[in-house]
$ cat protein-v8.pdb   # PDB, C-alpha atoms and all ligand atoms
MODEL        1
ATOM      1  CA  MET D   1       0.000   0.000   0.000  1.00  0.00           C
ATOM      2  CA  THR D   2       1.516   3.289  -1.023  1.00  0.00           C
ATOM      3  CA  PHE D   3       1.158   6.538   0.879  1.00  0.00           C
ATOM      4  CA  SER D   4       1.980  10.208   0.475  1.00  0.00           C
ATOM      5  CA  LEU D   5       2.979  12.624   3.201  1.00  0.00           C
ATOM      6  CA  ASP D   6       3.443  16.382   3.210  1.00  0.00           C
ATOM      7  CA  VAL D   7       6.809  16.889   4.898  1.00  0.00           C
ATOM      8  CA  GLY D   8       7.561  20.565   5.254  1.00  0.00           C
ATOM      9  CA  GLY D   9       5.721  21.375   2.045  1.00  0.00           C
ATOM     10  CA  LYS D  10       7.405  18.595   0.105  1.00  0.00           C
ATOM     11  CA  MET D  11       5.294  15.580  -0.855  1.00  0.00           C
ATOM     12  CA  MET D  12       6.913  12.280   0.027  1.00  0.00           C
ATOM     13  CA  SER D  13       5.602   8.911  -1.053  1.00  0.00           C
ATOM     14  CA  GLY D  14       6.449   5.431   0.027  1.00  0.00           C
ATOM     15  CA  ARG D  15       5.187   1.976   0.667  1.00  0.00           C
ATOM     16  CA  ALA D  16       3.540   1.178   3.976  1.00  0.00           C
ATOM     17  CA  SER D  17       4.120  -2.160   5.635  1.00  0.00           C
ATOM     18  CA  ARG D  18       1.266  -4.638   5.353  1.00  0.00           C
ATOM     19  CA  ALA D  19      -1.452  -4.404   7.920  1.00  0.00           C
ATOM     20  CA  GLY D  20      -1.538  -8.112   8.684  1.00  0.00           C
ATOM     21  CA  VAL D  21      -4.061 -10.806   7.896  1.00  0.00           C
ATOM     22  CA  PRO D  22      -7.404  -9.945   9.499  1.00  0.00           C
ATOM     23  CA  GLU D  23      -8.750 -12.189  12.204  1.00  0.00           C
ATOM     24  CA  LEU D  24     -12.478 -12.510  12.862  1.00  0.00           C
ATOM     25  CA  ARG D  25     -13.902 -11.853  16.298  1.00  0.00           C
ATOM     26  CA  GLU D  26     -16.745 -14.308  16.057  1.00  0.00           C
ATOM     27  CA  ASP D  27     -18.473 -12.990  19.157  1.00  0.00           C
ATOM     28  CA  THR D  28     -18.606  -9.498  17.647  1.00  0.00           C
ATOM     29  CA  CYS D  29     -19.461 -10.234  14.009  1.00  0.00           C
ATOM     30  CA  LEU D  30     -23.066  -9.436  13.075  1.00  0.00           C
ATOM     31  CA  ASP D  31     -22.989 -11.688   9.983  1.00  0.00           C
ATOM     32  CA  CYS D  32     -24.094  -8.673   7.945  1.00  0.00           C
ATOM     33  CA  GLY D  33     -21.962  -9.743   4.972  1.00  0.00           C
ATOM     34  CA  GLY D  34     -20.781  -6.197   4.325  1.00  0.00           C
ATOM     35  CA  CYS D  35     -17.130  -7.180   4.169  1.00  0.00           C
ATOM     36  CA  LEU D  36     -17.688  -9.907   1.562  1.00  0.00           C
ATOM     37  CA  GLY D  37     -18.298  -7.436  -1.232  1.00  0.00           C
ATOM     38  CA  ILE D  38     -15.470  -5.052  -0.398  1.00  0.00           C
ATOM     39  CA  CYS D  39     -12.471  -7.371  -0.767  1.00  0.00           C
ATOM     40  CA  PRO D  40     -10.715  -6.633  -4.070  1.00  0.00           C
ATOM     41  CA  HIS D  41      -9.097 -10.077  -4.049  1.00  0.00           C
ATOM     42  CA  GLU D  42     -12.110 -12.209  -3.163  1.00  0.00           C
ATOM     43  CA  ALA D  43     -10.214 -13.280  -0.067  1.00  0.00           C
ATOM     44  CA  LEU D  44     -13.308 -13.359   2.138  1.00  0.00           C
ATOM     45  CA  ASP D  45     -15.993 -15.995   1.987  1.00  0.00           C
ATOM     46  CA  LEU D  46     -18.593 -17.651   4.148  1.00  0.00           C
ATOM     47  CA  TYR D  47     -17.678 -21.003   5.664  1.00  0.00           C
ATOM     48  CA  GLU D  48     -20.209 -22.768   7.854  1.00  0.00           C
ATOM     49  CA  GLY D  49     -22.021 -19.485   8.257  1.00  0.00           C
ATOM     50  CA  ARG D  50     -18.988 -17.485   9.388  1.00  0.00           C
ATOM     51  CA  ILE D  51     -16.641 -15.098   7.618  1.00  0.00           C
ATOM     52  CA  ARG D  52     -13.379 -16.752   6.617  1.00  0.00           C
ATOM     53  CA  VAL D  53     -10.163 -15.079   5.384  1.00  0.00           C
ATOM     54  CA  LEU D  54      -8.471 -16.962   2.548  1.00  0.00           C
ATOM     55  CA  ASP D  55      -4.801 -17.186   1.604  1.00  0.00           C
ATOM     56  CA  SER D  56      -5.309 -14.731  -1.258  1.00  0.00           C
ATOM     57  CA  CYS D  57      -5.553 -11.896   1.289  1.00  0.00           C
ATOM     58  CA  THR D  58      -3.044  -9.139   0.524  1.00  0.00           C
ATOM     59  CA  GLU D  59      -3.437  -7.498   3.946  1.00  0.00           C
ATOM     60  CA  CYS D  60      -4.787  -4.302   2.448  1.00  0.00           C
ATOM     61  CA  ASP D  61      -6.878  -3.587   5.573  1.00  0.00           C
ATOM     62  CA  LEU D  62      -9.995  -2.532   3.629  1.00  0.00           C
ATOM     63  CA  CYS D  63     -12.307  -4.990   5.337  1.00  0.00           C
ATOM     64  CA  VAL D  64     -10.921  -4.087   8.749  1.00  0.00           C
ATOM     65  CA  ARG D  65     -11.749  -0.433   8.173  1.00  0.00           C
ATOM     66  CA  LEU D  66     -15.158  -1.245   6.688  1.00  0.00           C
ATOM     67  CA  CYS D  67     -16.571  -3.444   9.432  1.00  0.00           C
ATOM     68  CA  PRO D  68     -19.040  -1.348  11.448  1.00  0.00           C
ATOM     69  CA  VAL D  69     -18.414  -3.230  14.692  1.00  0.00           C
ATOM     70  CA  ASP D  70     -14.647  -3.871  14.437  1.00  0.00           C
ATOM     71  CA  ALA D  71     -15.162  -7.608  14.121  1.00  0.00           C
ATOM     72  CA  LEU D  72     -12.155  -7.919  11.806  1.00  0.00           C
ATOM     73  CA  VAL D  73      -8.836  -7.198  13.450  1.00  0.00           C
ATOM     74  CA  SER D  74      -5.443  -6.962  11.815  1.00  0.00           C
ATOM     75  CA  ILE D  75      -2.907  -9.329  13.273  1.00  0.00           C
ATOM     76  CA  ALA D  76       0.826  -9.527  12.694  1.00  0.00           C
ATOM     77  CA  SER D  77       1.913 -11.190   9.499  1.00  0.00           C
ATOM     78  CA  PRO D  78       3.120 -14.753   9.919  1.00  0.00           C
ATOM     79  CA  ALA D  79       6.883 -15.128   9.545  1.00  0.00           C
ATOM     80  CA  GLY D  80       7.978 -15.111   5.943  1.00  0.00           C
ATOM     81  CA  ARG D  81       4.768 -13.628   4.632  1.00  0.00           C
ATOM     82  CA  ALA D  82       5.432  -9.910   5.076  1.00  0.00           C
TER      83      ALA D  82
HETATM   84  S1  LIG O 101     -18.645  -6.452   7.993  1.00  0.00           S
HETATM   85 FE1  LIG O 101     -18.026  -7.026  10.092  1.00  0.00          FE
HETATM   86  S2  LIG O 101     -19.951  -7.565  11.115  1.00  0.00           S
HETATM   87 FE2  LIG O 101     -20.353  -7.600   8.907  1.00  0.00          FE
HETATM   88  S3  LIG O 101     -19.990  -9.779   8.282  1.00  0.00           S
HETATM   89 FE3  LIG O 101     -18.073  -8.637   7.978  1.00  0.00          FE
HETATM   90  S4  LIG O 101     -16.906  -8.991   9.885  1.00  0.00           S
HETATM   91 FE4  LIG O 101     -19.045  -9.472  10.329  1.00  0.00          FE
HETATM   92  S1  LIG O 102      -7.346  -7.282   4.223  1.00  0.00           S
HETATM   93 FE1  LIG O 102      -7.882  -6.686   2.088  1.00  0.00          FE
HETATM   94  S2  LIG O 102      -7.305  -8.491   0.854  1.00  0.00           S
HETATM   95 FE2  LIG O 102      -7.402  -9.177   2.983  1.00  0.00          FE
HETATM   96  S3  LIG O 102      -9.473  -9.989   3.237  1.00  0.00           S
HETATM   97 FE3  LIG O 102      -9.516  -7.807   3.875  1.00  0.00          FE
HETATM   98  S4  LIG O 102     -10.130  -6.651   2.049  1.00  0.00           S
HETATM   99 FE4  LIG O 102      -9.472  -8.700   1.381  1.00  0.00          FE
ENDMDL
END

$ encode --input "protein-v8.pdb" --output "structure tokens"
Amino acid sequence: MTFSLDVGGKMMSGRASRAGVPELREDTCLDCGGCLGICPHEALDLYEGRIRVLDSCTECDLCVRLCPVDALVSIASPAGRA
């Protein structure tokens, strides 16, 4: 994920570190399905009625920011994945 910052009037851009693979808080999730449609990599699906994060996740953090009840939480990338 790239970013731009205004540093003393000079625009700087760079690449942010990955947010981490989201983890579902099952006790918080409302099963609204809102996150399923937002993933640009189809890395979210329903498995046995619950949201599941697939290996195609790029850790973009979109679903984490979208969830209205913070049921998806970014966790540290597993070793060798970041
Ligand atoms: S948007 Fe949040 S509450 Fe809705 S299904 Fe996804 S994780 Fe659950
Ligand atoms: S972090 Fe991004 S790529 Fe991963 S499941 Fe969420 S929306 Fe999809």

$ closest_residue --input "protein-v8.pdb" --among "D:Cys35, D:Ser74, D:Leu44, D:Asp61" --to "ligand LIG 101 (chain O)" --atoms "all atoms listed in the file"
D:Cys35

$ closest_atom_pairs --input "protein-v8.pdb" --of "chain D" --to "ligand LIG 102 (chain O)" --cutoff "8 Å" --atoms "only C-alpha atoms and all ligand atoms" --output "JSON lines"
{"residue": "D:Ala19", "atom": "CA", "partner": "O:LIG102", "partner_atom": "S1", "distance": 7.5}
{"residue": "D:Gly20", "atom": "CA", "partner": "O:LIG102", "partner_atom": "S1", "distance": 7.4}
{"residue": "D:Val21", "atom": "CA", "partner": "O:LIG102", "partner_atom": "S1", "distance": 6.1}
{"residue": "D:Pro22", "atom": "CA", "partner": "O:LIG102", "partner_atom": "S1", "distance": 5.9}
{"residue": "D:Cys35", "atom": "CA", "partner": "O:LIG102", "partner_atom": "S4", "distance": 7.3}
{"residue": "D:Ile38", "atom": "CA", "partner": "O:LIG102", "partner_atom": "S4", "distance": 6.1}
{"residue": "D:Cys39", "atom": "CA", "partner": "O:LIG102", "partner_atom": "S4", "distance": 3.7}
{"residue": "D:Pro40", "atom": "CA", "partner": "O:LIG102", "partner_atom": "FE4", "distance": 6.0}
{"residue": "D:His41", "atom": "CA", "partner": "O:LIG102", "partner_atom": "S2", "distance": 5.5}
{"residue": "D:Glu42", "atom": "CA", "partner": "O:LIG102", "partner_atom": "FE4", "distance": 6.3}
{"residue": "D:Ala43", "atom": "CA", "partner": "O:LIG102", "partner_atom": "S3", "distance": 4.7}
{"residue": "D:Leu44", "atom": "CA", "partner": "O:LIG102", "partner_atom": "S3", "distance": 5.2}
{"residue": "D:Val53", "atom": "CA", "partner": "O:LIG102", "partner_atom": "S3", "distance": 5.6}
{"residue": "D:Leu54", "atom": "CA", "partner": "O:LIG102", "partner_atom": "S3", "distance": 7.1}
{"residue": "D:Ser56", "atom": "CA", "partner": "O:LIG102", "partner_atom": "S2", "distance": 6.9}
{"residue": "D:Cys57", "atom": "CA", "partner": "O:LIG102", "partner_atom": "FE2", "distance": 3.7}
{"residue": "D:Thr58", "atom": "CA", "partner": "O:LIG102", "partner_atom": "S2", "distance": 4.3}
{"residue": "D:Glu59", "atom": "CA", "partner": "O:LIG102", "partner_atom": "S1", "distance": 3.9}
{"residue": "D:Cys60", "atom": "CA", "partner": "O:LIG102", "partner_atom": "FE1", "distance": 3.9}
{"residue": "D:Asp61", "atom": "CA", "partner": "O:LIG102", "partner_atom": "S1", "distance": 4.0}
{"residue": "D:Leu62", "atom": "CA", "partner": "O:LIG102", "partner_atom": "S4", "distance": 4.4}
{"residue": "D:Cys63", "atom": "CA", "partner": "O:LIG102", "partner_atom": "FE3", "distance": 4.2}
{"residue": "D:Val64", "atom": "CA", "partner": "O:LIG102", "partner_atom": "FE3", "distance": 6.3}
{"residue": "D:Ser74", "atom": "CA", "partner": "O:LIG102", "partner_atom": "S1", "distance": 7.8}

$ residues_near_ligand --input "protein-v8.pdb" --ligand "ligand LIG 101 (chain O)" --cutoff "10 Å" --atoms "all atoms listed in the file" --output "ChimeraX atom specification"
/D:22-38,44-46,49-52,63-73

$ axis_aligned_box --input "protein-v8.pdb" --around "segment 61-75 of chain D" --padding-each-side "5 Å" --output "JSON"
{"center_x": -11.0, "center_y": -4.9, "center_z": 9.2, "size_x": 26.1, "size_y": 18.9, "size_z": 21.1}

$ build_atoms --input "protein-v8.pdb" --residues "segment 54-80 of chain D" --atoms "N, CA and C atoms" --output "JSON list (two decimals), keeping the file's coordinate frame"
[["chain", "number", "residue", "atom", "x", "y", "z"],
["D", 54, "LEU", "N", -9.20, -15.99, 3.36],
["D", 54, "LEU", "CA", -8.47, -16.96, 2.55],
["D", 54, "LEU", "C", -7.03, -16.53, 2.33],
["D", 55, "ASP", "N", -6.23, -17.45, 1.81],
["D", 55, "ASP", "CA", -4.80, -17.19, 1.60],
["D", 55, "ASP", "C", -4.53, -16.09, 0.57],
["D", 56, "SER", "N", -5.53, -15.77, -0.24],
["D", 56, "SER", "CA", -5.31, -14.73, -1.26],
["D", 56, "SER", "C", -5.35, -13.33, -0.67],
["D", 57, "CYS", "N", -5.54, -13.21, 0.63],
["D", 57, "CYS", "CA", -5.55, -11.90, 1.29],
["D", 57, "CYS", "C", -4.21, -11.20, 1.09],
["D", 58, "THR", "N", -4.26, -9.93, 0.71],
["D", 58, "THR", "CA", -3.04, -9.14, 0.52],
["D", 58, "THR", "C", -2.81, -8.18, 1.69],
["D", 59, "GLU", "N", -3.61, -8.31, 2.74],
["D", 59, "GLU", "CA", -3.44, -7.50, 3.95],
["D", 59, "GLU", "C", -3.63, -6.01, 3.68],
["D", 60, "CYS", "N", -4.58, -5.71, 2.82],
["D", 60, "CYS", "CA", -4.79, -4.30, 2.45],
["D", 60, "CYS", "C", -5.53, -3.52, 3.52],
["D", 61, "ASP", "N", -6.21, -4.22, 4.43],
["D", 61, "ASP", "CA", -6.88, -3.59, 5.57],
["D", 61, "ASP", "C", -8.25, -2.98, 5.24],
["D", 62, "LEU", "N", -8.71, -3.12, 4.00],
["D", 62, "LEU", "CA", -9.99, -2.53, 3.63],
["D", 62, "LEU", "C", -11.14, -3.09, 4.47],
["D", 63, "CYS", "N", -11.19, -4.39, 4.60],
["D", 63, "CYS", "CA", -12.31, -4.99, 5.34],
["D", 63, "CYS", "C", -12.26, -4.62, 6.81],
["D", 64, "VAL", "N", -11.06, -4.48, 7.34],
["D", 64, "VAL", "CA", -10.92, -4.09, 8.75],
["D", 64, "VAL", "C", -11.51, -2.71, 8.97],
["D", 65, "ARG", "N", -11.25, -1.80, 8.03],
["D", 65, "ARG", "CA", -11.75, -0.43, 8.17],
["D", 65, "ARG", "C", -13.23, -0.35, 7.86],
["D", 66, "LEU", "N", -13.74, -1.28, 7.07],
["D", 66, "LEU", "CA", -15.16, -1.25, 6.69],
["D", 66, "LEU", "C", -16.08, -1.77, 7.78],
["D", 67, "CYS", "N", -15.67, -2.77, 8.49],
["D", 67, "CYS", "CA", -16.57, -3.44, 9.43],
["D", 67, "CYS", "C", -17.12, -2.45, 10.46],
["D", 68, "PRO", "N", -18.44, -2.36, 10.57],
["D", 68, "PRO", "CA", -19.04, -1.35, 11.45],
["D", 68, "PRO", "C", -18.88, -1.64, 12.93],
["D", 69, "VAL", "N", -18.52, -2.88, 13.26],
["D", 69, "VAL", "CA", -18.41, -3.23, 14.69],
["D", 69, "VAL", "C", -17.01, -3.73, 15.06],
["D", 70, "ASP", "N", -16.04, -3.47, 14.18],
["D", 70, "ASP", "CA", -14.65, -3.87, 14.44],
["D", 70, "ASP", "C", -14.50, -5.37, 14.72],
["D", 71, "ALA", "N", -15.24, -6.16, 13.94],
["D", 71, "ALA", "CA", -15.16, -7.61, 14.12],
["D", 71, "ALA", "C", -13.99, -8.22, 13.37],
["D", 72, "LEU", "N", -13.37, -7.46, 12.49],
["D", 72, "LEU", "CA", -12.16, -7.92, 11.81],
["D", 72, "LEU", "C", -10.98, -7.12, 12.36],
["D", 73, "VAL", "N", -9.97, -7.83, 12.79],
["D", 73, "VAL", "CA", -8.84, -7.20, 13.45],
["D", 73, "VAL", "C", -7.56, -7.61, 12.73],
["D", 74, "SER", "N", -6.72, -6.64, 12.45],
["D", 74, "SER", "CA", -5.44, -6.96, 11.82],
["D", 74, "SER", "C", -4.52, -7.61, 12.83],
["D", 75, "ILE", "N", -3.89, -8.68, 12.41],
["D", 75, "ILE", "CA", -2.91, -9.33, 13.27],
["D", 75, "ILE", "C", -1.57, -9.34, 12.55],
["D", 76, "ALA", "N", -0.51, -9.55, 13.29],
["D", 76, "ALA", "CA", 0.83, -9.53, 12.69],
["D", 76, "ALA", "C", 0.96, -10.59, 11.63],
["D", 77, "SER", "N", 1.70, -10.24, 10.57],
["D", 77, "SER", "CA", 1.91, -11.19, 9.50],
["D", 77, "SER", "C", 2.70, -12.39, 9.99],
["D", 78, "PRO", "N", 2.31, -13.58, 9.56],
["D", 78, "PRO", "CA", 3.12, -14.75, 9.92],
["D", 78, "PRO", "C", 4.53, -14.63, 9.36],
["D", 79, "ALA", "N", 5.49, -15.21, 9.99],
["D", 79, "ALA", "CA", 6.88, -15.13, 9.54],
["D", 79, "ALA", "C", 7.00, -15.56, 8.09],
["D", 80, "GLY", "N", 7.73, -14.77, 7.33],
["D", 80, "GLY", "CA", 7.98, -15.11, 5.94],
["D", 80, "GLY", "C", 6.90, -14.64, 5.00]]
